[in-house]
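Below: protein.cif (mmCIF, C-alpha atoms and all ligand atoms; chains and numbers go by the auth columns)
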```
data_start
loop_
_atom_site.group_PDB
_atom_site.id
_atom_site.type_symbol
_atom_site.label_atom_id
_atom_site.label_comp_id
_atom_site.label_asym_id
_atom_site.label_seq_id
_atom_site.Cartn_x
_atom_site.Cartn_y
_atom_site.Cartn_z
_atom_site.B_iso_or_equiv
_atom_site.auth_seq_id
_atom_site.auth_asym_id
ATOM 1 C CA MET A 1 -9.073 16.456 12.851 0.00 69 S
ATOM 2 C CA THR A 2 -7.194 17.705 9.797 0.00 70 S
ATOM 3 C CA ASP A 3 -6.394 16.000 6.513 0.00 71 S
ATOM 4 C CA ALA A 4 -2.787 15.593 7.673 0.00 72 S
ATOM 5 C CA SER A 5 -3.813 13.216 10.410 0.00 73 S
ATOM 6 C CA ARG A 6 -5.838 10.689 8.389 0.00 74 S
ATOM 7 C CA LEU A 7 -4.827 8.076 5.864 0.00 75 S
ATOM 8 C CA VAL A 8 -7.085 5.645 4.027 0.00 76 S
ATOM 9 C CA VAL A 9 -5.660 2.128 3.850 0.00 77 S
ATOM 10 C CA GLY A 10 -7.091 -0.379 1.381 0.00 78 S
ATOM 11 C CA ILE A 11 -6.176 -4.043 1.759 0.00 79 S
ATOM 12 C CA SER A 12 -6.804 -6.303 -1.215 0.00 80 S
ATOM 13 C CA GLY A 13 -6.233 -9.993 -1.817 0.00 81 S
ATOM 14 C CA ALA A 14 -2.718 -9.993 -3.229 0.00 82 S
ATOM 15 C CA SER A 15 0.003 -11.829 -1.395 0.00 83 S
ATOM 16 C CA GLY A 16 1.667 -9.747 1.326 0.00 84 S
ATOM 17 C CA VAL A 17 -1.081 -8.781 3.767 0.00 85 S
ATOM 18 C CA ILE A 18 1.758 -8.259 6.253 0.00 86 S
ATOM 19 C CA TYR A 19 2.489 -4.944 4.469 0.00 87 S
ATOM 20 C CA ALA A 20 -0.943 -3.737 5.559 0.00 88 S
ATOM 21 C CA LEU A 21 -0.471 -4.886 9.142 0.00 89 S
ATOM 22 C CA ARG A 22 2.902 -3.149 9.374 0.00 90 S
ATOM 23 C CA ALA A 23 1.484 0.004 7.761 0.00 91 S
ATOM 24 C CA LEU A 24 -1.254 0.103 10.408 0.00 92 S
ATOM 25 C CA SER A 25 1.363 -0.234 13.170 0.00 93 S
ATOM 26 C CA ALA A 26 3.399 2.528 11.554 0.00 94 S
ATOM 27 C CA LEU A 27 0.390 4.858 11.404 0.00 95 S
ATOM 28 C CA ARG A 28 -0.267 4.200 15.109 0.00 96 S
ATOM 29 C CA ASP A 29 3.397 5.069 15.838 0.00 97 S
ATOM 30 C CA LEU A 30 3.048 8.265 13.812 0.00 98 S
ATOM 31 C CA GLY A 31 -0.267 9.329 15.350 0.00 99 S
ATOM 32 C CA VAL A 32 -1.992 9.198 11.966 0.00 100 S
ATOM 33 C CA GLU A 33 -5.608 8.012 12.035 0.00 101 S
ATOM 34 C CA SER A 34 -6.155 4.960 9.824 0.00 102 S
ATOM 35 C CA HIS A 35 -9.380 4.467 7.848 0.00 103 S
ATOM 36 C CA VAL A 36 -9.307 0.892 6.631 0.00 104 S
ATOM 37 C CA VAL A 37 -11.246 -1.220 4.180 0.00 105 S
ATOM 38 C CA ALA A 38 -10.316 -4.800 3.303 0.00 106 S
ATOM 39 C CA SER A 39 -11.690 -7.056 0.572 0.00 107 S
ATOM 40 C CA LYS A 40 -12.986 -10.593 1.118 0.00 108 S
ATOM 41 C CA ALA A 41 -9.913 -11.929 -0.677 0.00 109 S
ATOM 42 C CA ALA A 42 -7.720 -9.898 1.705 0.00 110 S
ATOM 43 C CA GLU A 43 -9.392 -11.669 4.619 0.00 111 S
ATOM 44 C CA MET A 44 -8.524 -14.980 2.927 0.00 112 S
ATOM 45 C CA THR A 45 -4.863 -14.081 2.450 0.00 113 S
ATOM 46 C CA LEU A 46 -4.742 -12.728 6.000 0.00 114 S
ATOM 47 C CA SER A 47 -5.857 -16.071 7.358 0.00 115 S
ATOM 48 C CA TYR A 48 -3.667 -18.069 4.947 0.00 116 S
ATOM 49 C CA GLU A 49 -0.470 -16.029 5.302 0.00 117 S
ATOM 50 C CA THR A 50 -0.589 -15.072 8.990 0.00 118 S
ATOM 51 C CA GLY A 51 -3.089 -17.423 10.654 0.00 119 S
ATOM 52 C CA LEU A 52 -4.860 -14.336 12.046 0.00 120 S
ATOM 53 C CA SER A 53 -8.600 -13.745 11.853 0.00 121 S
ATOM 54 C CA PRO A 54 -10.131 -10.623 10.279 0.00 122 S
ATOM 55 C CA SER A 55 -10.864 -9.332 13.801 0.00 123 S
ATOM 56 C CA VAL A 56 -7.193 -8.301 13.997 0.00 124 S
ATOM 57 C CA LEU A 57 -8.047 -5.479 11.589 0.00 125 S
ATOM 58 C CA ARG A 58 -10.614 -4.133 14.021 0.00 126 S
ATOM 59 C CA GLU A 59 -7.891 -4.010 16.694 0.00 127 S
ATOM 60 C CA ARG A 60 -5.283 -2.384 14.468 0.00 128 S
ATOM 61 C CA ALA A 61 -7.434 0.055 12.491 0.00 129 S
ATOM 62 C CA ASP A 62 -8.772 3.270 13.974 0.00 130 S
ATOM 63 C CA HIS A 63 -11.805 2.992 11.684 0.00 131 S
ATOM 64 C CA LEU A 64 -12.692 -0.183 9.796 0.00 132 S
ATOM 65 C CA TYR A 65 -15.347 -0.120 7.087 0.00 133 S
ATOM 66 C CA LYS A 66 -17.155 -2.886 5.246 0.00 134 S
ATOM 67 C CA MET A 67 -16.648 -3.312 1.491 0.00 135 S
ATOM 68 C CA PRO A 68 -20.293 -2.618 0.519 0.00 136 S
ATOM 69 C CA ASP A 69 -20.481 0.519 2.724 0.00 137 S
ATOM 70 C CA VAL A 70 -20.317 3.105 -0.060 0.00 138 S
ATOM 71 C CA GLY A 71 -21.850 5.611 2.352 0.00 139 S
ATOM 72 C CA ALA A 72 -18.748 5.610 4.579 0.00 140 S
ATOM 73 C CA PRO A 73 -16.877 8.922 5.064 0.00 141 S
ATOM 74 C CA ILE A 74 -13.994 7.773 2.808 0.00 142 S
ATOM 75 C CA ALA A 75 -16.445 7.436 -0.096 0.00 143 S
ATOM 76 C CA SER A 76 -16.691 11.231 -0.236 0.00 144 S
ATOM 77 C CA GLY A 77 -14.122 13.787 -1.337 0.00 145 S
ATOM 78 C CA SER A 78 -15.381 16.202 1.307 0.00 146 S
ATOM 79 C CA PHE A 79 -13.837 13.932 3.961 0.00 147 S
ATOM 80 C CA ARG A 80 -10.276 15.225 4.133 0.00 148 S
ATOM 81 C CA THR A 81 -7.401 12.762 4.103 0.00 149 S
ATOM 82 C CA LEU A 82 -3.752 12.636 3.128 0.00 150 S
ATOM 83 C CA GLY A 83 -4.698 10.101 0.465 0.00 151 S
ATOM 84 C CA MET A 84 -4.818 6.344 0.223 0.00 152 S
ATOM 85 C CA LEU A 85 -2.369 3.481 0.409 0.00 153 S
ATOM 86 C CA ILE A 86 -3.420 0.117 -1.019 0.00 154 S
ATOM 87 C CA ALA A 87 -1.204 -2.533 0.505 0.00 155 S
ATOM 88 C CA PRO A 88 -0.986 -5.042 -0.979 0.00 156 S
ATOM 89 C CA CYS A 89 -2.794 -4.193 -4.233 0.00 157 S
ATOM 90 C CA SER A 90 -4.105 -7.055 -6.350 0.00 158 S
ATOM 91 C CA VAL A 91 -4.317 -6.925 -10.121 0.00 159 S
ATOM 92 C CA ARG A 92 -8.089 -7.151 -9.810 0.00 160 S
ATOM 93 C CA THR A 93 -8.329 -4.074 -7.549 0.00 161 S
ATOM 94 C CA MET A 94 -5.776 -2.157 -9.627 0.00 162 S
ATOM 95 C CA SER A 95 -7.723 -2.912 -12.816 0.00 163 S
ATOM 96 C CA GLU A 96 -11.025 -1.865 -11.301 0.00 164 S
ATOM 97 C CA ILE A 97 -9.596 1.481 -10.183 0.00 165 S
ATOM 98 C CA ALA A 98 -8.199 2.081 -13.658 0.00 166 S
ATOM 99 C CA THR A 99 -11.633 1.646 -15.253 0.00 167 S
ATOM 100 C CA GLY A 100 -13.408 4.013 -12.868 0.00 168 S
ATOM 101 C CA VAL A 101 -16.228 1.446 -12.564 0.00 169 S
ATOM 102 C CA THR A 102 -15.858 1.130 -8.839 0.00 170 S
ATOM 103 C CA SER A 103 -18.016 -1.573 -7.278 0.00 171 S
ATOM 104 C CA SER A 104 -16.896 -1.501 -3.637 0.00 172 S
ATOM 105 C CA LEU A 105 -15.906 0.984 -0.958 0.00 173 S
ATOM 106 C CA LEU A 106 -12.241 0.123 -1.493 0.00 174 S
ATOM 107 C CA THR A 107 -12.182 1.096 -5.156 0.00 175 S
ATOM 108 C CA ARG A 108 -14.640 3.975 -4.653 0.00 176 S
ATOM 109 C CA ALA A 109 -12.313 5.451 -1.995 0.00 177 S
ATOM 110 C CA ALA A 110 -9.397 5.156 -4.437 0.00 178 S
ATOM 111 C CA ASP A 111 -11.425 6.865 -7.167 0.00 179 S
ATOM 112 C CA VAL A 112 -12.248 9.684 -4.740 0.00 180 S
ATOM 113 C CA VAL A 113 -8.564 10.160 -3.913 0.00 181 S
ATOM 114 C CA LEU A 114 -7.777 10.423 -7.630 0.00 182 S
ATOM 115 C CA LYS A 115 -10.578 12.873 -8.376 0.00 183 S
ATOM 116 C CA GLU A 116 -9.533 15.069 -5.457 0.00 184 S
ATOM 117 C CA ARG A 117 -5.938 14.971 -6.771 0.00 185 S
ATOM 118 C CA ARG A 118 -4.689 13.432 -3.543 0.00 186 S
ATOM 119 C CA ARG A 119 -1.971 10.829 -3.221 0.00 187 S
ATOM 120 C CA LEU A 120 -2.860 7.249 -4.238 0.00 188 S
ATOM 121 C CA VAL A 121 -0.109 4.669 -3.734 0.00 189 S
ATOM 122 C CA LEU A 122 -0.639 1.129 -4.997 0.00 190 S
ATOM 123 C CA MET A 123 1.670 -1.581 -3.674 0.00 191 S
ATOM 124 C CA VAL A 124 0.889 -3.825 -6.633 0.00 192 S
ATOM 125 C CA ARG A 125 1.930 -7.452 -6.042 0.00 193 S
ATOM 126 C CA GLU A 126 2.017 -9.807 -8.968 0.00 194 S
ATOM 127 C CA THR A 127 4.739 -11.429 -10.982 0.00 195 S
ATOM 128 C CA PRO A 128 5.395 -11.737 -13.832 0.00 196 S
ATOM 129 C CA PHE A 129 3.302 -9.030 -15.495 0.00 197 S
ATOM 130 C CA HIS A 130 1.623 -9.353 -18.884 0.00 198 S
ATOM 131 C CA LEU A 131 1.160 -6.441 -21.251 0.00 199 S
ATOM 132 C CA GLY A 132 -2.349 -5.735 -19.958 0.00 200 S
ATOM 133 C CA HIS A 133 -1.035 -5.321 -16.401 0.00 201 S
ATOM 134 C CA LEU A 134 1.709 -2.999 -17.609 0.00 202 S
ATOM 135 C CA ARG A 135 -0.763 -0.939 -19.660 0.00 203 S
ATOM 136 C CA THR A 136 -3.067 -0.646 -16.649 0.00 204 S
ATOM 137 C CA MET A 137 -0.170 0.565 -14.513 0.00 205 S
ATOM 138 C CA THR A 138 0.707 3.127 -17.174 0.00 206 S
ATOM 139 C CA GLN A 139 -2.895 4.304 -17.297 0.00 207 S
ATOM 140 C CA LEU A 140 -3.046 4.661 -13.507 0.00 208 S
ATOM 141 C CA THR A 141 0.218 6.596 -13.507 0.00 209 S
ATOM 142 C CA GLU A 142 -1.243 8.919 -16.144 0.00 210 S
ATOM 143 C CA MET A 143 -4.283 9.352 -13.876 0.00 211 S
ATOM 144 C CA GLY A 144 -2.025 10.462 -11.009 0.00 212 S
ATOM 145 C CA ALA A 145 -1.563 7.260 -9.005 0.00 213 S
ATOM 146 C CA ILE A 146 1.829 5.991 -7.878 0.00 214 S
ATOM 147 C CA ILE A 147 2.608 2.352 -8.628 0.00 215 S
ATOM 148 C CA MET A 148 4.923 1.042 -5.952 0.00 216 S
ATOM 149 C CA PRO A 149 5.455 -2.711 -5.990 0.00 217 S
ATOM 150 C CA PRO A 150 6.944 -3.799 -2.651 0.00 218 S
ATOM 151 C CA LEU A 151 10.405 -4.677 -3.926 0.00 219 S
ATOM 152 C CA PRO A 152 13.206 -5.143 -1.392 0.00 220 S
ATOM 153 C CA ALA A 153 16.081 -2.657 -1.209 0.00 221 S
ATOM 154 C CA PHE A 154 19.173 -4.768 -0.607 0.00 222 S
ATOM 155 C CA TYR A 155 21.365 -1.702 -0.103 0.00 223 S
ATOM 156 C CA ALA A 156 19.512 -1.219 3.189 0.00 224 S
ATOM 157 C CA LYS A 157 21.197 -4.467 4.299 0.00 225 S
ATOM 158 C CA PRO A 158 18.085 -6.161 5.703 0.00 226 S
ATOM 159 C CA GLU A 159 18.849 -8.903 8.214 0.00 227 S
ATOM 160 C CA THR A 160 15.328 -10.209 8.616 0.00 228 S
ATOM 161 C CA LEU A 161 12.095 -10.428 6.667 0.00 229 S
ATOM 162 C CA ASP A 162 10.694 -7.794 9.046 0.00 230 S
ATOM 163 C CA ASP A 163 13.498 -5.410 8.004 0.00 231 S
ATOM 164 C CA MET A 164 12.558 -5.868 4.342 0.00 232 S
ATOM 165 C CA ILE A 165 8.858 -5.391 4.998 0.00 233 S
ATOM 166 C CA ASP A 166 9.385 -2.284 7.153 0.00 234 S
ATOM 167 C CA GLN A 167 11.676 -0.725 4.540 0.00 235 S
ATOM 168 C CA SER A 168 8.988 -1.083 1.856 0.00 236 S
ATOM 169 C CA VAL A 169 6.278 0.223 4.197 0.00 237 S
ATOM 170 C CA GLY A 170 8.495 3.129 5.239 0.00 238 S
ATOM 171 C CA ARG A 171 9.215 4.086 1.634 0.00 239 S
ATOM 172 C CA ALA A 172 5.492 3.956 0.827 0.00 240 S
ATOM 173 C CA LEU A 173 4.765 6.256 3.790 0.00 241 S
ATOM 174 C CA ASP A 174 7.503 8.606 2.569 0.00 242 S
ATOM 175 C CA LEU A 175 5.240 9.269 -0.418 0.00 243 S
ATOM 176 C CA PHE A 176 2.717 10.815 1.985 0.00 244 S
ATOM 177 C CA GLY A 177 5.399 12.859 3.743 0.00 245 S
ATOM 178 C CA LEU A 178 5.319 10.502 6.751 0.00 246 S
ATOM 179 C CA ASP A 179 8.728 9.772 8.235 0.00 247 S
ATOM 180 C CA TRP A 180 8.577 6.421 10.049 0.00 248 S
ATOM 181 C CA THR A 181 11.602 5.685 12.251 0.00 249 S
ATOM 182 C CA PRO A 182 12.495 2.170 10.972 0.00 250 S
ATOM 183 C CA THR A 183 13.000 3.488 7.429 0.00 251 S
ATOM 184 C CA ARG A 184 16.674 3.232 6.551 0.00 252 S
ATOM 185 C CA ARG A 185 18.011 6.011 4.367 0.00 253 S
ATOM 186 C CA TRP A 186 20.992 6.050 2.061 0.00 254 S
ATOM 187 C CA GLY A 187 23.458 8.705 3.174 0.00 255 S
ATOM 188 C CA GLU A 188 21.812 8.913 6.607 0.00 256 S
ATOM 189 C CA ASP A 189 21.424 5.546 8.350 0.00 257 S
ATOM 190 C CA ILE A 190 23.243 3.565 5.701 0.00 258 S
ATOM 191 C CA THR A 191 26.725 4.992 5.673 0.00 259 S
ATOM 192 C CA GLU A 192 29.089 2.172 6.484 0.00 260 S
ATOM 193 C CA GLY A 193 30.857 0.817 3.474 0.00 261 S
ATOM 194 C CA ALA A 194 29.941 4.063 1.711 0.00 262 S
ATOM 195 C CA ARG A 195 29.626 3.959 -2.027 0.00 263 S
ATOM 196 C CA PRO A 196 31.587 1.380 -3.968 0.00 264 S
ATOM 197 C CA ALA A 197 34.589 2.924 -5.650 0.00 265 S
ATOM 198 C CA ALA A 198 33.990 3.845 -9.251 0.00 266 S
ATOM 199 C CA ARG A 199 35.245 1.066 -11.492 0.00 267 S
ATOM 200 C CA THR A 200 38.118 1.949 -13.695 0.00 268 S
ATOM 201 C CA ARG A 201 37.429 0.847 -17.216 0.00 269 S
ATOM 202 C CA LYS A 202 39.982 -1.472 -18.743 0.00 270 S
ATOM 203 C CA PRO A 203 41.559 -0.015 -21.828 0.00 271 S
HETATM 204 C C1 LIG B . -3.078 -16.978 -1.163 0.00 1 N
HETATM 205 C C2 LIG B . -3.454 -16.086 -2.318 0.00 1 N
HETATM 206 C C3 LIG B . -2.501 -15.285 -2.870 0.00 1 N
HETATM 207 C C4 LIG B . -2.820 -14.421 -3.939 0.00 1 N
HETATM 208 N N1 LIG B . -1.845 -13.609 -4.434 0.00 1 N
HETATM 209 C C5 LIG B . -2.170 -12.711 -5.385 0.00 1 N
HETATM 210 C C6 LIG B . -1.197 -11.769 -5.813 0.00 1 N
HETATM 211 O O1 LIG B . -0.063 -11.742 -5.347 0.00 1 N
HETATM 212 N N2 LIG B . -1.578 -10.847 -6.730 0.00 1 N
HETATM 213 C C7 LIG B . -2.848 -10.801 -7.241 0.00 1 N
HETATM 214 O O2 LIG B . -3.116 -9.916 -8.063 0.00 1 N
HETATM 215 N N3 LIG B . -3.785 -11.694 -6.868 0.00 1 N
HETATM 216 C C8 LIG B . -3.482 -12.640 -5.936 0.00 1 N
HETATM 217 N N4 LIG B . -4.433 -13.537 -5.516 0.00 1 N
HETATM 218 C C9 LIG B . -5.739 -13.550 -6.187 0.00 1 N
HETATM 219 C C10 LIG B . -6.693 -12.486 -5.661 0.00 1 N
HETATM 220 O O3 LIG B . -6.962 -12.700 -4.289 0.00 1 N
HETATM 221 C C11 LIG B . -7.992 -12.547 -6.480 0.00 1 N
HETATM 222 O O4 LIG B . -7.753 -12.092 -7.805 0.00 1 N
HETATM 223 C C12 LIG B . -9.103 -11.741 -5.858 0.00 1 N
HETATM 224 O O5 LIG B . -10.246 -11.799 -6.699 0.00 1 N
HETATM 225 C C13 LIG B . -8.704 -10.286 -5.633 0.00 1 N
HETATM 226 O O6 LIG B . -9.826 -9.607 -5.126 0.00 1 N
HETATM 227 P P1 LIG B . -9.657 -8.161 -4.479 0.00 1 N
HETATM 228 O O7 LIG B . -8.907 -7.317 -5.467 0.00 1 N
HETATM 229 O O8 LIG B . -11.081 -7.687 -4.305 0.00 1 N
HETATM 230 O O9 LIG B . -8.976 -8.311 -3.206 0.00 1 N
HETATM 231 C C14 LIG B . -4.139 -14.411 -4.477 0.00 1 N
HETATM 232 C C15 LIG B . -5.102 -15.241 -3.886 0.00 1 N
HETATM 233 C C16 LIG B . -4.784 -16.068 -2.825 0.00 1 N
HETATM 234 C C17 LIG B . -5.836 -16.928 -2.225 0.00 1 N
#
```

Target encoding structure tokens, full file:
Amino acid sequence: MTDASRLVVGISGASGVIYALRALSALRDLGVESHVVASKAAEMTLSYETGLSPSVLRERADHLYKMPDVGAPIASGSFRTLGMLIAPCSVRTMSEIATGVTSSLLTRAADVVLKERRRLVLMVRETPFHLGHLRTMTQLTEMGAIIMPPLPAFYAKPETLDDMIDQSVGRALDLFGLDWTPTRRWGEDITEGARPAARTRKP
């Protein structure tokens, strides 16, 4: 097993647990081994938003760890991975990572990814943001993380909610160099209609 075939996936209790479920399906499609840890609040949103029980994570993850298990492989930098995707990422989890005071396997694994200078992508989900949130996102960006709120790309002409979700998941996986088929790309899959003609300015 090489680093290129493993990705750590953290699931926290922000709205949008479906992003995690789709990311796990995508990793299966791509033959990338998923190493998953989900918070208690993530289990709550999973049940509330999808009606599924936490056991679904055991089915969809290649390796599922418990939050207190700070002895898991993903708690160590010597365990090689492509990095970590946190989908969705709550403000609480984001803030804990920014402080470096990591109290669970999820935030410890993120801290490890940062210290090893690997890719950390946070699909932060909150709205609106206050100044403290924005400062935390700035700090994490300075530390090397990528803040990627799951915002829909309307130019991809989504027809369903699934299209929107898969586009965001696909663009997050792009950041790890993973090319997932459903991802629609401007200038490749999205060609019809082309670019709108440049507007001529009225004198
Ligand atoms: C249905 C539901 C939706 C939530 N949505 C969000 C959200 O979008 N963003 C957020 O930061 N917190 C959200 N929360 C609150 C978090 O779950 C809460 O702050 C929790 O302590 C986060 O813990 P975690 O980071 O360990 O998962 C939501 C909670 C529930 C029950």

### Message
Just want the 10 Å neighbourhood of Val181 (chain S), counted on all atoms listed in the file, with same-chain residues fewer than 2 positions away dropped. Output as JSON, numbers by chain.
### Response
{"S": [76, 142, 143, 144, 145, 148, 149, 150, 151, 152, 175, 176, 177, 178, 179, 183, 184, 185, 186, 187, 188, 212, 213]}

### Query
Where does the PyMOL selection byres (((not hetatm)) within 12 of (chain N and resi 1)) land in this file, that is, which residues does it pick, as a ChimeraX atom specification?
/S:78-85,105-119,135-136,154-165,170-175,190-198,201,217-218

### Task
Give me, please, the distance in Å between CA of Tyr87 (chain S) and CA of Tyr133 (chain S), quoted to one decimal.
18.7 Å

### Message
Can you measure CA of Thr249 (chain S) to CA of Leu98 (chain S) for me? One decimal in Å is fine.
### Response
9.1 Å

### Task
Please identify all polymer residues within 12 Å of Pro226 (chain S), counting all atoms listed in the file, omitting same-chain residues fewer than 6 positions from it, and present them as a PyMOL selection string.
chain S and resi 220+232-236+250-252+258

### Task
Find the residue from S:Phe222, S:Gly200, S:Lys134, S:Arg90 that sits nearest to Pro122 (chain S); use only C-alpha atoms when measuring.
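Residue with the minimum atom-to-atom distance to Pro122 (chain S): S:Lys134.
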
### Message
To one decimal place in Å, what is the distance between CA of Val104 (chain S) and CA of Ala221 (chain S)?
### Response
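Going from CA of Val104 (chain S) over to CA of Ala221 (chain S), I get 26.8 Å.
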
Please return region 164-192 of chain S, rebuilt to N, CA and C atoms, as a PDB file, in the coordinates of the input.
```
ATOM      1  N   GLU S 164      -9.727  -2.502 -11.531  1.00  0.00           N
ATOM      2  CA  GLU S 164     -11.025  -1.865 -11.301  1.00  0.00           C
ATOM      3  C   GLU S 164     -10.858  -0.354 -11.107  1.00  0.00           C
ATOM      4  N   ILE S 165      -9.829   0.037 -10.392  1.00  0.00           N
ATOM      5  CA  ILE S 165      -9.596   1.481 -10.183  1.00  0.00           C
ATOM      6  C   ILE S 165      -9.321   2.158 -11.529  1.00  0.00           C
ATOM      7  N   ALA S 166      -8.567   1.479 -12.371  1.00  0.00           N
ATOM      8  CA  ALA S 166      -8.199   2.081 -13.658  1.00  0.00           C
ATOM      9  C   ALA S 166      -9.422   2.327 -14.532  1.00  0.00           C
ATOM     10  N   THR S 167     -10.444   1.470 -14.406  1.00  0.00           N
ATOM     11  CA  THR S 167     -11.633   1.646 -15.253  1.00  0.00           C
ATOM     12  C   THR S 167     -12.543   2.746 -14.735  1.00  0.00           C
ATOM     13  N   GLY S 168     -12.477   3.029 -13.453  1.00  0.00           N
ATOM     14  CA  GLY S 168     -13.408   4.013 -12.868  1.00  0.00           C
ATOM     15  C   GLY S 168     -14.759   3.399 -12.531  1.00  0.00           C
ATOM     16  N   VAL S 169     -14.968   2.126 -12.888  1.00  0.00           N
ATOM     17  CA  VAL S 169     -16.228   1.446 -12.564  1.00  0.00           C
ATOM     18  C   VAL S 169     -16.035   0.803 -11.190  1.00  0.00           C
ATOM     19  N   THR S 170     -16.225   1.595 -10.177  1.00  0.00           N
ATOM     20  CA  THR S 170     -15.858   1.130  -8.839  1.00  0.00           C
ATOM     21  C   THR S 170     -17.063   0.462  -8.173  1.00  0.00           C
ATOM     22  N   SER S 171     -16.880  -0.789  -7.771  1.00  0.00           N
ATOM     23  CA  SER S 171     -18.016  -1.573  -7.278  1.00  0.00           C
ATOM     24  C   SER S 171     -17.963  -1.852  -5.779  1.00  0.00           C
ATOM     25  N   SER S 172     -16.990  -1.267  -5.085  1.00  0.00           N
ATOM     26  CA  SER S 172     -16.896  -1.501  -3.637  1.00  0.00           C
ATOM     27  C   SER S 172     -16.390  -0.216  -2.990  1.00  0.00           C
ATOM     28  N   LEU S 173     -16.424  -0.193  -1.656  1.00  0.00           N
ATOM     29  CA  LEU S 173     -15.906   0.984  -0.958  1.00  0.00           C
ATOM     30  C   LEU S 173     -14.411   1.148  -1.209  1.00  0.00           C
ATOM     31  N   LEU S 174     -13.696   0.027  -1.311  1.00  0.00           N
ATOM     32  CA  LEU S 174     -12.241   0.123  -1.493  1.00  0.00           C
ATOM     33  C   LEU S 174     -11.904   0.887  -2.794  1.00  0.00           C
ATOM     34  N   THR S 175     -12.520   0.458  -3.876  1.00  0.00           N
ATOM     35  CA  THR S 175     -12.182   1.096  -5.156  1.00  0.00           C
ATOM     36  C   THR S 175     -12.853   2.472  -5.286  1.00  0.00           C
ATOM     37  N   ARG S 176     -14.003   2.645  -4.668  1.00  0.00           N
ATOM     38  CA  ARG S 176     -14.640   3.975  -4.653  1.00  0.00           C
ATOM     39  C   ARG S 176     -13.726   4.976  -3.913  1.00  0.00           C
ATOM     40  N   ALA S 177     -13.183   4.555  -2.778  1.00  0.00           N
ATOM     41  CA  ALA S 177     -12.313   5.451  -1.995  1.00  0.00           C
ATOM     42  C   ALA S 177     -11.079   5.820  -2.821  1.00  0.00           C
ATOM     43  N   ALA S 178     -10.560   4.868  -3.589  1.00  0.00           N
ATOM     44  CA  ALA S 178      -9.397   5.156  -4.437  1.00  0.00           C
ATOM     45  C   ALA S 178      -9.771   6.147  -5.535  1.00  0.00           C
ATOM     46  N   ASP S 179     -10.952   5.965  -6.113  1.00  0.00           N
ATOM     47  CA  ASP S 179     -11.425   6.865  -7.167  1.00  0.00           C
ATOM     48  C   ASP S 179     -11.584   8.286  -6.622  1.00  0.00           C
ATOM     49  N   VAL S 180     -12.073   8.380  -5.396  1.00  0.00           N
ATOM     50  CA  VAL S 180     -12.248   9.684  -4.740  1.00  0.00           C
ATOM     51  C   VAL S 180     -10.888  10.365  -4.566  1.00  0.00           C
ATOM     52  N   VAL S 181      -9.910   9.609  -4.122  1.00  0.00           N
ATOM     53  CA  VAL S 181      -8.564  10.160  -3.913  1.00  0.00           C
ATOM     54  C   VAL S 181      -8.012  10.701  -5.242  1.00  0.00           C
ATOM     55  N   LEU S 182      -8.254   9.952  -6.313  1.00  0.00           N
ATOM     56  CA  LEU S 182      -7.777  10.423  -7.630  1.00  0.00           C
ATOM     57  C   LEU S 182      -8.515  11.686  -8.071  1.00  0.00           C
ATOM     58  N   LYS S 183      -9.826  11.698  -7.896  1.00  0.00           N
ATOM     59  CA  LYS S 183     -10.578  12.873  -8.376  1.00  0.00           C
ATOM     60  C   LYS S 183     -10.244  14.122  -7.573  1.00  0.00           C
ATOM     61  N   GLU S 184      -9.895  13.928  -6.303  1.00  0.00           N
ATOM     62  CA  GLU S 184      -9.533  15.069  -5.457  1.00  0.00           C
ATOM     63  C   GLU S 184      -8.057  15.451  -5.613  1.00  0.00           C
ATOM     64  N   ARG S 185      -7.387  14.735  -6.506  1.00  0.00           N
ATOM     65  CA  ARG S 185      -5.938  14.971  -6.771  1.00  0.00           C
ATOM     66  C   ARG S 185      -5.102  14.802  -5.499  1.00  0.00           C
ATOM     67  N   ARG S 186      -5.505  13.782  -4.706  1.00  0.00           N
ATOM     68  CA  ARG S 186      -4.689  13.432  -3.543  1.00  0.00           C
ATOM     69  C   ARG S 186      -3.804  12.261  -3.924  1.00  0.00           C
ATOM     70  N   ARG S 187      -2.957  11.880  -2.976  1.00  0.00           N
ATOM     71  CA  ARG S 187      -1.971  10.829  -3.221  1.00  0.00           C
ATOM     72  C   ARG S 187      -2.616   9.433  -3.172  1.00  0.00           C
ATOM     73  N   LEU S 188      -2.408   8.652  -4.235  1.00  0.00           N
ATOM     74  CA  LEU S 188      -2.860   7.249  -4.238  1.00  0.00           C
ATOM     75  C   LEU S 188      -1.642   6.377  -4.537  1.00  0.00           C
ATOM     76  N   VAL S 189      -1.282   5.534  -3.588  1.00  0.00           N
ATOM     77  CA  VAL S 189      -0.109   4.669  -3.734  1.00  0.00           C
ATOM     78  C   VAL S 189      -0.570   3.212  -3.755  1.00  0.00           C
ATOM     79  N   LEU S 190      -0.226   2.524  -4.841  1.00  0.00           N
ATOM     80  CA  LEU S 190      -0.639   1.129  -4.997  1.00  0.00           C
ATOM     81  C   LEU S 190       0.574   0.214  -4.881  1.00  0.00           C
ATOM     82  N   MET S 191       0.589  -0.598  -3.822  1.00  0.00           N
ATOM     83  CA  MET S 191       1.670  -1.581  -3.674  1.00  0.00           C
ATOM     84  C   MET S 191       1.241  -2.848  -4.435  1.00  0.00           C
ATOM     85  N   VAL S 192       1.354  -2.745  -5.747  1.00  0.00           N
ATOM     86  CA  VAL S 192       0.889  -3.825  -6.633  1.00  0.00           C
ATOM     87  C   VAL S 192       1.787  -5.049  -6.473  1.00  0.00           C
TER      88      VAL S 192
END
```
